[in-house]
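Next comes structure20.txt, a file with compact mmCIF, C-alpha atoms and all ligand atoms.
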# COMPACT_ATOMS: atom_id res chain seq x y z
CA MET M 263 5.56 31.45 0.05
CA PHE M 264 2.74 30.35 -2.26
CA ASP M 265 -0.88 31.19 -1.66
CA LEU M 266 -2.26 27.71 -2.35
CA PRO M 267 -4.33 26.50 -4.08
CA ARG M 268 -4.70 29.88 -5.82
CA GLU M 269 -1.06 29.94 -6.87
CA ALA M 270 -0.58 26.26 -7.57
CA GLY M 271 0.26 27.17 -11.18
CA LYS M 272 3.21 29.24 -9.92
CA LEU M 273 4.44 26.40 -7.75
CA LYS M 274 4.10 24.09 -10.75
CA LEU M 275 6.36 26.37 -12.79
CA GLU M 276 8.96 26.56 -9.98
CA LEU M 277 8.99 22.77 -9.81
CA PHE M 278 9.42 22.47 -13.58
CA CYS M 279 12.39 24.84 -13.41
CA GLN M 280 14.08 23.68 -10.20
CA GLY M 281 12.99 20.07 -9.83
CA ALA M 282 13.00 18.50 -6.37
CA ARG M 283 15.15 16.28 -4.21
CA VAL M 284 13.60 13.10 -2.85
CA HIS M 285 14.07 12.41 0.85
CA GLN M 286 15.23 8.93 1.75
CA ASN M 287 11.95 8.42 3.67
CA CYS M 288 10.10 8.21 0.34
CA ARG M 289 9.14 4.86 -1.12
CA LEU M 290 8.34 5.91 -4.63
CA GLU M 291 8.75 2.46 -6.17
CA GLU M 292 5.98 1.08 -4.01
CA ASP M 293 3.76 4.13 -3.72
CA THR M 294 3.45 5.66 -7.17
CA ARG M 295 3.98 5.51 -10.91
CA PRO M 296 7.41 4.56 -12.22
CA ILE M 297 9.38 7.33 -13.88
CA LYS M 298 9.22 6.67 -17.61
CA ARG M 299 10.37 8.61 -20.60
CA THR M 300 8.25 6.66 -23.02
CA ARG M 301 7.16 9.54 -25.13
CA GLY M 302 8.00 13.03 -26.25
CA GLY M 303 11.24 14.80 -25.67
CA LEU M 304 10.91 16.40 -22.27
CA GLY M 305 9.13 14.05 -19.87
CA SER M 306 11.40 12.51 -17.28
CA GLY M 307 10.02 13.18 -13.85
CA LEU M 308 7.64 12.25 -11.09
CA ASP M 309 3.91 13.04 -11.37
CA LEU M 310 2.61 14.79 -8.24
CA ILE M 311 -0.76 16.35 -7.43
CA LEU M 312 -0.62 19.79 -5.82
CA PRO M 313 -3.48 21.46 -3.90
CA GLY M 314 -6.29 22.44 -6.27
CA ASN M 315 -5.84 19.19 -8.23
CA VAL M 316 -2.95 20.70 -10.17
CA TRP M 317 -0.76 17.95 -11.61
CA VAL M 318 2.95 18.45 -12.17
CA ASN M 319 5.70 16.26 -13.56
CA VAL M 320 8.69 17.13 -11.38
CA PRO M 321 12.28 16.52 -12.53
CA ILE M 322 14.10 14.52 -9.86
CA GLU M 323 16.87 12.74 -11.76
CA GLU M 324 18.65 15.55 -13.60
CA PRO M 325 21.70 17.15 -11.94
CA PHE M 326 19.90 20.49 -11.46
CA ALA M 327 17.17 18.70 -9.48
CA LYS M 328 19.79 17.34 -7.06
CA GLN M 329 20.55 20.98 -6.12
CA SER M 330 16.91 22.01 -5.75
CA PRO M 331 15.66 23.79 -2.61
CA PHE M 332 12.46 21.72 -2.92
CA VAL M 333 12.32 18.38 -1.12
CA ILE M 334 9.66 15.68 -1.35
CA ASP M 335 9.31 13.88 1.97
CA ARG M 336 7.16 11.09 3.39
CA VAL M 337 6.10 11.35 7.02
CA ALA M 338 3.74 8.84 8.64
CA GLY M 339 2.83 7.48 5.21
CA LYS M 340 1.90 10.91 3.81
CA TYR M 341 3.85 12.84 1.21
CA SER M 342 4.64 16.53 1.51
CA LEU M 343 6.63 19.21 -0.28
CA TRP M 344 9.18 21.34 1.51
CA HIS M 345 11.20 24.36 0.51
CA GLU M 346 14.37 24.10 2.55
CA ALA M 347 12.94 23.72 6.07
CA GLN M 348 9.52 25.21 5.30
CA LEU M 349 6.48 23.05 4.65
CA ILE M 350 4.85 24.12 1.37
CA CYS M 351 1.96 21.69 1.08
CA GLN M 352 0.73 18.13 1.36
CA LEU M 353 1.05 16.12 -1.83
CA LYS M 354 -0.97 13.40 -3.42
CA LEU M 355 0.78 10.86 -5.57
CA PRO M 356 -1.06 8.90 -8.24
CA SER M 357 -1.18 5.28 -7.18
CA ARG M 358 1.19 2.70 -8.60
CA PRO M 359 -0.36 1.32 -11.80
CA ARG M 360 -0.04 -2.40 -11.14
CA TRP M 361 -1.92 -2.96 -14.39
CA TYR M 362 1.22 -1.85 -16.27
CA ASP M 363 2.53 -5.38 -15.59
CA GLU M 364 -0.43 -7.13 -17.25
CA THR M 365 0.02 -8.20 -20.86
CA THR M 366 -1.91 -7.85 -24.10
CA SER M 367 -3.16 -10.93 -25.94
CA SER M 368 0.07 -10.82 -28.00
CA GLY M 369 2.15 -10.87 -24.81
CA LYS M 370 3.20 -7.20 -24.66
CA ARG M 371 3.42 -5.54 -21.25
CA LEU M 372 0.73 -2.83 -21.03
CA GLY M 373 3.21 -0.45 -19.44
CA ASP M 374 5.41 -0.79 -22.53
CA ILE M 375 2.58 0.29 -24.84
CA GLY M 376 1.80 3.67 -23.32
CA VAL M 377 2.24 5.76 -20.23
CA MET M 378 -0.07 7.67 -17.91
CA GLN M 379 0.73 11.38 -18.08
CA GLY M 380 -1.38 13.34 -15.65
CA THR M 381 -4.85 11.84 -16.05
CA TYR M 382 -4.59 10.72 -19.66
CA PHE M 383 -2.93 7.85 -21.50
CA ALA M 384 -0.13 8.77 -23.90
CA ILE M 385 1.07 6.50 -26.69
CA TYR M 386 3.98 6.84 -29.09
CA PRO M 387 2.77 4.01 -31.23
CA SER M 388 5.32 3.14 -33.78
CA ASP M 389 8.69 3.48 -35.42
CA LEU M 390 11.48 5.75 -34.16
CA CYS M 391 11.34 9.35 -35.37
CA GLY M 392 13.14 9.64 -38.72
CA PHE M 393 15.30 12.53 -37.48
CA TRP M 394 17.02 10.11 -35.09
CA LYS M 395 17.95 7.82 -37.98
CA THR M 396 19.77 10.23 -40.28
CA GLU M 397 23.56 10.38 -40.38
CA PRO M 398 24.44 12.76 -38.81
CA LYS M 399 21.39 12.79 -36.54
CA GLN M 400 18.94 15.64 -37.14
CA SER M 401 16.88 15.06 -34.01
CA CYS M 402 15.64 18.04 -32.05
CA ARG M 403 18.39 18.85 -29.61
CA PHE M 404 16.25 18.70 -26.45
CA CYS M 405 14.60 15.41 -27.45
CA SER M 406 15.07 12.11 -25.62
CA VAL M 407 12.80 9.91 -27.73
CA GLY M 408 15.67 7.99 -29.34
CA ILE M 409 17.21 7.30 -25.93
CA CYS M 410 14.08 5.60 -24.58
CA TYR M 411 13.06 3.79 -27.72
CA GLY M 412 13.07 0.02 -27.21
CA LYS M 413 14.14 0.43 -23.55
CA THR M 414 11.27 1.84 -21.52
CA GLU M 415 8.77 1.08 -24.24
CA SER M 416 8.06 -1.58 -26.81
CA GLU M 417 9.42 -0.90 -30.31
CA GLU M 418 6.39 -2.41 -32.03
CA LYS M 419 2.82 -1.82 -30.99
CA SER M 420 0.04 -3.28 -33.09
CA VAL M 421 -3.35 -1.59 -33.28
CA GLN M 422 -4.76 -4.45 -31.22
CA ASP M 423 -2.04 -4.03 -28.54
CA VAL M 424 -2.86 -0.35 -28.32
CA VAL M 425 -6.62 -0.89 -28.10
CA GLU M 426 -6.15 -3.42 -25.29
CA ALA M 427 -3.82 -1.06 -23.39
CA VAL M 428 -6.28 1.84 -23.78
CA LYS M 429 -9.12 -0.30 -22.48
CA ALA M 430 -7.01 -1.24 -19.45
CA ALA M 431 -6.18 2.42 -18.82
CA ARG M 432 -9.88 3.26 -18.99
CA ARG M 433 -10.75 0.42 -16.60
CA PHE M 434 -8.04 1.12 -14.03
CA GLU M 435 -7.47 4.87 -14.32
CA LYS M 436 -10.86 6.10 -15.57
CA ILE M 437 -9.18 7.99 -18.40
CA THR M 438 -11.26 10.15 -20.72
CA PHE M 439 -8.51 11.06 -23.18
CA VAL M 440 -5.88 9.20 -25.21
CA HIS M 441 -3.04 11.08 -26.81
CA PHE M 442 -1.05 9.78 -29.78
CA ASN M 443 2.30 11.19 -30.69
CA THR M 444 4.59 10.32 -33.59
CA GLY M 445 7.94 11.48 -34.78
CA PHE M 446 8.86 12.21 -38.36
CA TYR M 447 8.11 9.73 -41.16
CA GLU M 448 9.41 9.99 -44.71
CA ASN M 449 7.07 10.69 -47.62
CA ASP M 450 4.59 12.80 -45.64
CA SER M 451 3.31 9.59 -44.04
CA SER M 452 3.11 10.29 -40.27
CA LEU M 453 -0.66 10.64 -40.39
CA ASP M 454 -1.07 7.54 -42.58
CA MET M 455 0.65 5.57 -39.83
CA ILE M 456 -1.42 6.99 -36.98
CA ILE M 457 -4.90 6.99 -38.53
CA PRO M 458 -5.58 3.23 -38.10
CA TYR M 459 -4.79 3.54 -34.37
CA VAL M 460 -7.08 6.54 -33.97
CA GLU M 461 -9.89 4.86 -35.87
CA GLU M 462 -9.80 1.65 -33.86
CA VAL M 463 -9.38 3.28 -30.45
CA LYS M 464 -12.28 5.61 -31.19
CA LYS M 465 -14.46 2.79 -32.45
CA GLU M 466 -13.64 0.44 -29.57
CA THR M 467 -13.67 2.90 -26.68
CA GLY M 468 -15.36 6.17 -27.70
CA LEU M 469 -12.75 8.07 -25.67
CA LEU M 470 -11.54 11.51 -26.69
CA VAL M 471 -8.49 11.18 -28.92
CA GLY M 472 -5.71 13.70 -29.53
CA VAL M 473 -2.93 13.50 -32.09
CA GLN M 474 0.40 15.25 -32.32
CA CYS M 475 2.28 14.55 -35.55
CA PRO M 476 4.68 16.50 -37.71
CA PRO M 477 2.68 18.58 -40.20
CA ALA M 478 1.37 16.95 -43.37
CA ALA M 479 1.92 18.73 -46.68
CA ASP M 480 -1.09 16.92 -48.15
CA LEU M 481 -3.82 18.62 -46.14
CA SER M 482 -6.52 16.13 -47.17
CA LYS M 483 -4.93 13.76 -44.66
CA TYR M 484 -6.43 15.92 -41.91
CA ASP M 485 -9.89 15.30 -43.32
CA ARG M 486 -9.15 11.58 -42.99
CA LEU M 487 -7.84 12.06 -39.47
CA LYS M 488 -11.00 13.88 -38.45
CA ALA M 489 -13.17 11.23 -40.08
CA ALA M 490 -11.21 8.59 -38.13
CA GLY M 491 -12.39 10.26 -34.93
CA ALA M 492 -9.59 12.54 -33.76
CA ASP M 493 -10.95 15.21 -31.42
CA HIS M 494 -7.81 17.26 -30.97
CA VAL M 495 -4.66 17.99 -32.97
CA SER M 496 -1.49 19.73 -31.97
CA PHE M 497 1.59 20.93 -33.80
CA CYS M 498 4.96 20.95 -32.11
CA PHE M 499 6.84 23.71 -33.90
CA GLU M 500 8.66 24.20 -30.56
CA LEU M 501 10.20 27.63 -31.26
CA PHE M 502 8.78 30.77 -32.78
CA ASP M 503 12.16 32.42 -33.12
CA PRO M 504 13.35 31.54 -36.65
CA GLU M 505 17.05 31.26 -35.79
CA ARG M 506 16.49 29.20 -32.68
CA PHE M 507 14.11 26.93 -34.61
CA GLN M 508 16.89 26.16 -37.09
CA GLU M 509 19.50 25.62 -34.36
CA ILE M 510 17.40 23.47 -32.05
CA CYS M 511 15.32 21.55 -34.61
CA PRO M 512 17.66 20.96 -37.58
CA GLY M 513 15.62 18.08 -39.03
CA LYS M 514 12.38 20.02 -38.94
CA ALA M 515 14.01 23.13 -40.40
CA GLU M 516 15.57 21.28 -43.33
CA THR M 517 12.84 18.77 -44.15
CA PHE M 518 9.87 21.09 -43.84
CA GLY M 519 11.86 23.90 -45.42
CA LYS M 520 12.09 21.76 -48.56
CA ALA M 521 8.37 21.00 -48.33
CA ALA M 522 7.67 24.74 -48.18
CA GLU M 523 9.73 25.32 -51.34
CA LYS M 524 7.52 22.84 -53.20
CA LEU M 525 4.42 24.68 -51.99
CA ALA M 526 5.57 28.13 -53.08
CA GLY M 527 2.54 30.25 -53.97
CA ASP M 528 0.12 28.09 -51.96
CA PRO M 529 -2.52 30.53 -50.58
CA LEU M 530 -2.63 28.99 -47.10
CA LEU M 531 1.16 29.06 -46.89
CA GLU M 532 1.05 32.76 -47.80
CA GLN M 533 -1.63 33.41 -45.20
CA ALA M 534 0.47 31.61 -42.58
CA LYS M 535 3.46 33.72 -43.50
CA THR M 536 1.53 36.98 -43.29
CA LEU M 537 0.20 36.11 -39.83
CA ALA M 538 3.60 34.96 -38.55
CA VAL M 539 5.36 38.07 -39.86
CA LYS M 540 2.74 40.23 -38.17
CA HIS M 541 3.62 38.73 -34.79
CA LEU M 542 7.37 38.30 -35.28
CA GLY M 543 7.68 41.95 -36.17
CA ASP M 544 11.38 42.17 -36.84
CA THR M 545 12.21 39.06 -38.81
CA GLN M 546 11.01 36.50 -41.34
CA PRO M 547 9.88 33.00 -40.30
CA GLN M 548 11.81 29.95 -41.45
CA PRO M 549 10.14 28.19 -44.42
CA GLY M 550 10.05 25.02 -42.31
CA GLN M 551 7.99 26.79 -39.63
CA LEU M 552 5.42 27.82 -42.24
CA ILE M 553 4.53 24.20 -42.95
CA PHE M 554 3.47 23.85 -39.30
CA TYR M 555 1.47 27.08 -39.39
CA ARG M 556 -0.20 26.16 -42.68
CA ALA M 557 -1.36 22.79 -41.33
CA LEU M 558 -2.52 24.48 -38.12
CA LEU M 559 -4.63 26.99 -40.06
CA TYR M 560 -6.19 24.20 -42.10
CA CYS M 561 -7.05 22.22 -38.97
CA ARG M 562 -8.44 25.30 -37.29
CA LYS M 563 -10.98 25.53 -40.13
CA LEU M 564 -11.70 21.81 -39.95
CA TRP M 565 -12.06 21.39 -36.17
CA GLY M 566 -13.07 24.93 -35.24
CA LYS M 567 -11.79 27.06 -32.39
CA GLY M 568 -10.27 25.24 -29.42
CA PRO M 569 -9.37 21.68 -30.45
CA VAL M 570 -6.23 22.81 -32.29
CA ALA M 571 -3.02 23.63 -30.42
CA GLY M 572 0.51 24.73 -31.15
CA GLU M 573 3.20 23.44 -28.83
CA ILE M 574 6.18 25.58 -27.89
CA ILE M 575 9.07 25.16 -25.47
CA ALA M 576 9.62 28.08 -23.14
CA GLY M 577 13.19 28.56 -22.00
CA LEU M 578 14.89 27.85 -25.32
CA GLU M 579 14.12 31.25 -26.80
CA PRO M 580 13.59 34.69 -25.24
CA PRO M 581 10.28 34.90 -23.32
CA GLU M 582 9.19 37.70 -25.70
CA ARG M 583 9.28 35.19 -28.56
CA SER M 584 7.19 32.70 -26.59
CA ILE M 585 4.67 35.49 -25.97
CA GLN M 586 4.63 36.32 -29.68
CA ALA M 587 3.99 32.64 -30.42
CA ILE M 588 1.06 32.61 -27.99
CA ASP M 589 -0.40 35.75 -29.60
CA PHE M 590 0.10 34.27 -33.05
CA LEU M 591 -1.67 31.06 -32.03
CA GLY M 592 -4.49 33.00 -30.37
CA SER M 593 -5.02 35.02 -33.55
CA CYS M 594 -5.34 31.70 -35.41
CA GLY M 595 -7.98 30.52 -32.90
CA ALA M 596 -5.54 27.93 -31.54
CA VAL M 597 -4.47 27.18 -28.00
CA ALA M 598 -0.83 27.49 -26.98
CA THR M 599 0.61 24.51 -25.18
CA VAL M 600 3.72 25.68 -23.36
CA CYS M 601 6.30 23.11 -22.26
CA VAL M 602 9.14 24.23 -20.04
CA PHE M 603 12.59 23.31 -21.30
CA ARG M 604 14.13 20.50 -19.29
CA PRO M 605 17.76 19.52 -19.90
CA CYS M 606 17.06 15.79 -19.85
CA ILE M 607 19.92 13.38 -19.20
CA GLY M 608 21.44 12.00 -22.39
CA THR M 609 20.13 14.71 -24.73
CA ASN M 610 22.27 17.18 -26.65
CA LEU M 611 21.20 19.90 -24.23
CA GLU M 612 21.72 17.96 -21.01
CA HIS M 613 24.39 20.39 -19.79
CA GLU M 614 22.24 23.50 -20.31
CA SER M 615 20.65 25.20 -17.31
CA PRO M 616 16.89 24.99 -16.87
CA PRO M 617 15.05 28.30 -17.28
CA ASN M 618 14.29 30.74 -14.49
CA ALA M 619 10.66 30.61 -13.37
CA GLY M 620 10.43 34.36 -12.78
CA GLU M 621 11.50 35.09 -16.35
CA LEU M 622 8.86 32.71 -17.71
CA SER M 623 5.98 34.06 -15.59
CA PRO M 624 4.83 36.56 -18.26
CA VAL M 625 4.63 33.71 -20.77
CA PHE M 626 2.16 31.83 -18.61
CA ALA M 627 0.20 34.99 -17.88
CA ARG M 628 -0.16 35.52 -21.63
CA GLN M 629 -1.19 31.90 -22.14
CA TRP M 630 -4.25 32.54 -19.97
CA GLU M 631 -4.93 36.04 -21.30
CA ALA M 632 -4.82 34.83 -24.92
CA VAL M 633 -7.62 32.29 -24.50
CA VAL M 634 -9.84 34.90 -22.88
CA ARG M 635 -8.97 37.62 -25.39
CA HIS M 636 -9.61 35.33 -28.35
CA ASN M 637 -12.53 33.57 -26.68
CA ILE M 638 -11.02 30.13 -27.19
CA PRO M 639 -12.77 27.24 -25.42
CA THR M 640 -10.73 25.42 -22.82
CA GLY M 641 -11.27 22.97 -19.96
CA ILE M 642 -14.36 21.49 -21.57
CA ALA M 643 -13.24 17.85 -21.75
CA PRO M 644 -13.88 16.06 -18.46
CA ASN M 645 -11.12 14.88 -16.13
CA ILE M 646 -8.10 16.04 -18.11
CA ARG M 647 -5.24 17.21 -15.96
CA THR M 648 -1.88 17.65 -17.62
CA ALA M 649 1.34 17.16 -15.68
CA MET M 650 3.89 18.15 -18.35
CA VAL M 651 2.25 21.46 -19.25
CA HIS M 652 0.02 24.02 -17.57
CA LEU M 653 -3.67 23.88 -18.34
CA GLN M 654 -4.78 27.27 -19.60
CA GLU M 655 -6.65 28.05 -16.41
CA GLU M 656 -3.59 27.18 -14.33
CA GLY M 657 -1.95 30.24 -15.89
CA ARG M 658 -4.60 32.53 -14.45
CA CYS M 659 -2.62 33.11 -11.24
CA PHE M 660 0.24 34.66 -13.26
CA SER M 661 -1.98 37.33 -14.77
CA SER M 662 -2.90 40.58 -13.09
CA ARG M 663 -5.58 41.22 -15.72
CA SER M 664 -9.11 40.57 -14.53
CA PHE M 665 -10.86 41.10 -17.90
CA GLY M 666 -13.88 42.21 -15.85
CA TRP M 667 -17.20 41.05 -17.22
CA ARG M 668 -15.52 39.82 -20.38
CA GLY M 669 -13.46 37.39 -18.33
CA PHE M 670 -16.46 36.31 -16.30
CA ILE M 671 -18.57 35.71 -19.40
CA TYR M 672 -15.67 33.78 -20.92
CA LEU M 673 -15.57 31.55 -17.87
CA LEU M 674 -19.32 31.01 -17.95
CA LYS M 675 -19.38 30.20 -21.65
CA ARG M 676 -16.15 28.39 -22.17
CA VAL M 677 -15.26 26.44 -19.08
CA SER M 678 -17.24 23.43 -17.91
CA LEU M 679 -19.29 23.95 -14.76
CA LYS M 680 -17.12 21.65 -12.67
CA ALA M 681 -13.91 23.28 -13.89
CA LEU M 682 -15.46 26.72 -13.41
CA PHE M 683 -16.48 25.96 -9.83
CA ARG M 684 -13.01 24.64 -9.01
CA LEU M 685 -11.37 27.61 -10.69
CA LEU M 686 -13.49 30.22 -8.93
CA ILE M 687 -12.88 28.63 -5.55
CA ALA M 688 -9.18 28.28 -6.21
CA THR M 689 -8.77 31.83 -7.41
CA ARG M 690 -11.33 33.34 -5.03
CA ILE M 691 -13.15 35.15 -7.79
CA ARG M 692 -11.24 38.21 -8.75
S1 LIG S 1 10.42 15.51 -34.30
FE1 LIG S 1 11.99 16.23 -32.88
S2 LIG S 1 10.95 16.25 -30.84
FE2 LIG S 1 9.71 14.98 -32.23
S3 LIG S 1 10.44 12.89 -31.85
FE3 LIG S 1 11.59 13.70 -33.63
S4 LIG S 1 13.45 14.52 -32.78
FE4 LIG S 1 12.02 14.25 -31.07

Output the structure of this file as C-alpha cells.
Amino acid sequence: MFDLPREAGKLKLELFCQGARVHQNCRLEEDTRPIKRTRGGLGSGLDLILPGNVWVNVPIEEPFAKQSPFVIDRVAGKYSLWHEAQLICQLKLPSRPRWYDETTSSGKRLGDIGVMQGTYFAIYPSDLCGFWKTEPKQSCRFCSVGICYGKTESEEKSVQDVVEAVKAARRFEKITFVHFNTGFYENDSSLDMIIPYVEEVKKETGLLVGVQCPPAADLSKYDRLKAAGADHVSFCFELFDPERFQEICPGKAETFGKAAEKLAGDPLLEQAKTLAVKHLGDTQPQPGQLIFYRALLYCRKLWGKGPVAGEIIAGLEPPERSIQAIDFLGSCGAVATVCVFRPCIGTNLEHESPPNAGELSPVFARQWEAVVRHNIPTGIAPNIRTAMVHLQEEGRCFSSRSFGWRGFIYLLKRVSLKALFRLLIATRIR
C-alpha cells in the first residue's frame, strides 16, 4: 500500500486526513505522551514515529478519526499501524515525558509551560490571543487556542518558568529547538511580549529559537527580535485566497487591514502587493494579508534565505491556491509550512470534513519542488522532526520531478550530511 520508508510522507498525509482508531490493546496513558492542545489551532492528536524517522501527529479524538480505516494496535508490547486488516508498519511512540510532572521553582508544572511537538519544545507563553477576547469573537475559525487556555496549560508563564521548562526539555528530550508562538496583542505589541523570553532562553541555553507571532507594523521590532537571538521566524497568514482569508480569519482580516490602510504608500507594502498579485493571477489580495507579506519580506532581508517561513493551512482553500502560496513564498526566499486542516472538537469548524489526501498531494509535491527551484536551505538544524507539518524533504515522495543534477547539487549544498544520507536511503536516490 505504501512503499515505506520512501513514501512515509504520503502515509503521514493520509493519517492527517483520516486519523486513526486506537485498539483497546493500546496503553497510551502509560506508554507515550499525553494528548495536549496547548498551543496553536490545529494540534490535537497522538505523536507517532513512522519508518524513516518521520513524525506525525495523528488525530484520534475527532469524530472523523473514529471512522478511520487506520488502526493503531499494540501486540506483545509493540505498536503497529494497520489499514483495515493489513499491517502497514511498526510504529515507535515517543516515551511518556514523566518530567512534565516536575515543577518549576515557582511551583508550575513543567507540562503546563510547554509541550513536546515532534522533537522540539513548543511554548505559547502568555496571554490569550486578543481575537478570542473581542465581542463577538474574531478568532480564526479553525483555532482551538481559546478552548485549551488555562485548562491544559498554565495561563501565566514567567520568563524564569519558561527557562526552567526549556532546560528540563533539553535534559530529558535532548531538544535542539524551542518554538514560541503568540496570538494577537493590541498596539502592535506581540513581539514586545515575546522578546524577553527569546533573549533569556537563548542566553541560558544557546538552543535554536523560532518565533511565530502576528506581523508587526513597526518593522524595527524584528531587528530587536534578531538581536535577542531568534534563529527562525514564521508568519501564519493561513490562507492565500483573499476571500477565504476574510471568512476564516476575521480578526486578522479586519485588524491588519486597518494597519495596511495606515501604511498606504509604504514601499515594502507595495512590493508585497506586486508579488502577491503576480501569483494570485485573477484577484487582489486582502489588505490584511499584505501586512503579513510585508513583514515576511523584511525578515527575509534580515535573516536571509531559509530561516523565514509562511504558514498556510491546506484544505481550507482550493489546492491551487495553496500551490500559489508556496510559489509566492518561494519567490520571496521563504519556506512554506503547510498544515493540514483538522476540524478540531470545539472549534467553529468542528463539523467540517477533513480534506482528501489525494487532492492535497500536489500541494506537498510543490512544497518540495519550491525549495529546490528557489535553492532554499532546509534540514540544516540538527534533530528537528516536526509532527504537525511535513518537513520539506518529506514532500519529496509526492513529486515526480527529479531535478537531475540541479536537485542533487541542491541536496549536497543545502541539506545536512546526516539528513542527506537518511533522505537518499529513504528515497533510493532517484
Ligand atoms: S491569531 Fe488566529 S490562529 Fe492565532 S491564536 Fe489567534 S485566533 Fe488562533

Can you work out which residues are within 10 Å of ligand LIG 1 (chain S), considering all atoms listed in the file, and then hand them over as JSON, numbers by chain? {"M": [301, 302, 303, 304, 386, 390, 391, 392, 393, 394, 395, 399, 400, 401, 402, 403, 404, 405, 406, 407, 408, 443, 444, 445, 446, 447, 474, 475, 476, 498, 499, 500, 510, 511, 512, 513, 514]}

Okay, now the selection with C-alpha atoms, as a PDB file, in the frame of the given file?
ATOM      1  CA  ARG M 301       7.160   9.540 -25.130  1.00  0.00           C
ATOM      2  CA  GLY M 302       8.000  13.030 -26.250  1.00  0.00           C
ATOM      3  CA  GLY M 303      11.240  14.800 -25.670  1.00  0.00           C
ATOM      4  CA  LEU M 304      10.910  16.400 -22.270  1.00  0.00           C
ATOM      5  CA  TYR M 386       3.980   6.840 -29.090  1.00  0.00           C
ATOM      6  CA  LEU M 390      11.480   5.750 -34.160  1.00  0.00           C
ATOM      7  CA  CYS M 391      11.340   9.350 -35.370  1.00  0.00           C
ATOM      8  CA  GLY M 392      13.140   9.640 -38.720  1.00  0.00           C
ATOM      9  CA  PHE M 393      15.300  12.530 -37.480  1.00  0.00           C
ATOM     10  CA  TRP M 394      17.020  10.110 -35.090  1.00  0.00           C
ATOM     11  CA  LYS M 395      17.950   7.820 -37.980  1.00  0.00           C
ATOM     12  CA  LYS M 399      21.390  12.790 -36.540  1.00  0.00           C
ATOM     13  CA  GLN M 400      18.940  15.640 -37.140  1.00  0.00           C
ATOM     14  CA  SER M 401      16.880  15.060 -34.010  1.00  0.00           C
ATOM     15  CA  CYS M 402      15.640  18.040 -32.050  1.00  0.00           C
ATOM     16  CA  ARG M 403      18.390  18.850 -29.610  1.00  0.00           C
ATOM     17  CA  PHE M 404      16.250  18.700 -26.450  1.00  0.00           C
ATOM     18  CA  CYS M 405      14.600  15.410 -27.450  1.00  0.00           C
ATOM     19  CA  SER M 406      15.070  12.110 -25.620  1.00  0.00           C
ATOM     20  CA  VAL M 407      12.800   9.910 -27.730  1.00  0.00           C
ATOM     21  CA  GLY M 408      15.670   7.990 -29.340  1.00  0.00           C
ATOM     22  CA  ASN M 443       2.300  11.190 -30.690  1.00  0.00           C
ATOM     23  CA  THR M 444       4.590  10.320 -33.590  1.00  0.00           C
ATOM     24  CA  GLY M 445       7.940  11.480 -34.780  1.00  0.00           C
ATOM     25  CA  PHE M 446       8.860  12.210 -38.360  1.00  0.00           C
ATOM     26  CA  TYR M 447       8.110   9.730 -41.160  1.00  0.00           C
ATOM     27  CA  GLN M 474       0.400  15.250 -32.320  1.00  0.00           C
ATOM     28  CA  CYS M 475       2.280  14.550 -35.550  1.00  0.00           C
ATOM     29  CA  PRO M 476       4.680  16.500 -37.710  1.00  0.00           C
ATOM     30  CA  CYS M 498       4.960  20.950 -32.110  1.00  0.00           C
ATOM     31  CA  PHE M 499       6.840  23.710 -33.900  1.00  0.00           C
ATOM     32  CA  GLU M 500       8.660  24.200 -30.560  1.00  0.00           C
ATOM     33  CA  ILE M 510      17.400  23.470 -32.050  1.00  0.00           C
ATOM     34  CA  CYS M 511      15.320  21.550 -34.610  1.00  0.00           C
ATOM     35  CA  PRO M 512      17.660  20.960 -37.580  1.00  0.00           C
ATOM     36  CA  GLY M 513      15.620  18.080 -39.030  1.00  0.00           C
ATOM     37  CA  LYS M 514      12.380  20.020 -38.940  1.00  0.00           C
TER      38      LYS M 514
END

Can you list every residue of segment 348-463 of chain M that has an atom at most 8 Å from segment 331-343 of chain M, with its nearest atom pair and the distance in Å to one decimal, using only C-alpha atoms, ordered by chain then number, as CSV?
residue,atom,partner,partner_atom,distance
M:Leu349,CA,M:Leu343,CA,6.3
M:Ile350,CA,M:Leu343,CA,5.5
M:Cys351,CA,M:Leu343,CA,5.5
M:Gln352,CA,M:Ser342,CA,4.2
M:Leu353,CA,M:Ser342,CA,4.9
M:Lys354,CA,M:Tyr341,CA,6.7
M:Leu355,CA,M:Tyr341,CA,7.7

So that I can check the surroundings of segment 582-593 of chain M, please list as a PDB file with C-alpha atoms, keeping the file's coordinate frame every protein, DNA and RNA residue that reaches within 6 Å of it, counting only C-alpha atoms and ignoring chain neighbours fewer than 5 positions away.
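After the write, out11.pdb holds the following:
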ATOM      1  CA  PHE M 502       8.780  30.770 -32.780  1.00  0.00           C
ATOM      2  CA  HIS M 541       3.620  38.730 -34.790  1.00  0.00           C
ATOM      3  CA  ALA M 598      -0.830  27.490 -26.980  1.00  0.00           C
ATOM      4  CA  VAL M 625       4.630  33.710 -20.770  1.00  0.00           C
ATOM      5  CA  ALA M 632      -4.820  34.830 -24.920  1.00  0.00           C
ATOM      6  CA  HIS M 636      -9.610  35.330 -28.350  1.00  0.00           C
TER       7      HIS M 636
END

Expected answer as a list in words: all residues with atoms within 8 Å of (-7.3, 7.7, -11.4), only C-alpha atoms: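 Protein, DNA and RNA residues close to (-7.3, 7.7, -11.4): Pro356, Ser357, Thr381, Phe434, Glu435, Lys436 and Ile437 of chain M.
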
Once you have the residues from the selection above, write them out as a PDB file, keeping the file's coordinate frame, restricted to C-alpha atoms.
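Written out: part.pdb:
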ATOM      1  CA  PRO M 356      -1.060   8.900  -8.240  1.00  0.00           C
ATOM      2  CA  SER M 357      -1.180   5.280  -7.180  1.00  0.00           C
ATOM      3  CA  THR M 381      -4.850  11.840 -16.050  1.00  0.00           C
ATOM      4  CA  PHE M 434      -8.040   1.120 -14.030  1.00  0.00           C
ATOM      5  CA  GLU M 435      -7.470   4.870 -14.320  1.00  0.00           C
ATOM      6  CA  LYS M 436     -10.860   6.100 -15.570  1.00  0.00           C
ATOM      7  CA  ILE M 437      -9.180   7.990 -18.400  1.00  0.00           C
TER       8      ILE M 437
END

Provide the atom CA of Gly491 of chain M to atom CA of Val471 of chain M distance in Å, to one decimal place.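 Distance between the two atoms: 7.2 Å.
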
Computed gap from atom CA of Leu559 of chain M to atom CA of Asp528 of chain M is 12.9 Å

For Arg371 of chain M, the nearest of the candidates M:Ile409, M:Thr640, M:Ala430, M:Val570, counting all atoms listed in the file: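 Of M:Ile409, M:Thr640, M:Ala430, M:Val570, the one nearest Arg371 of chain M is M:Ala430, counting all atoms listed in the file.
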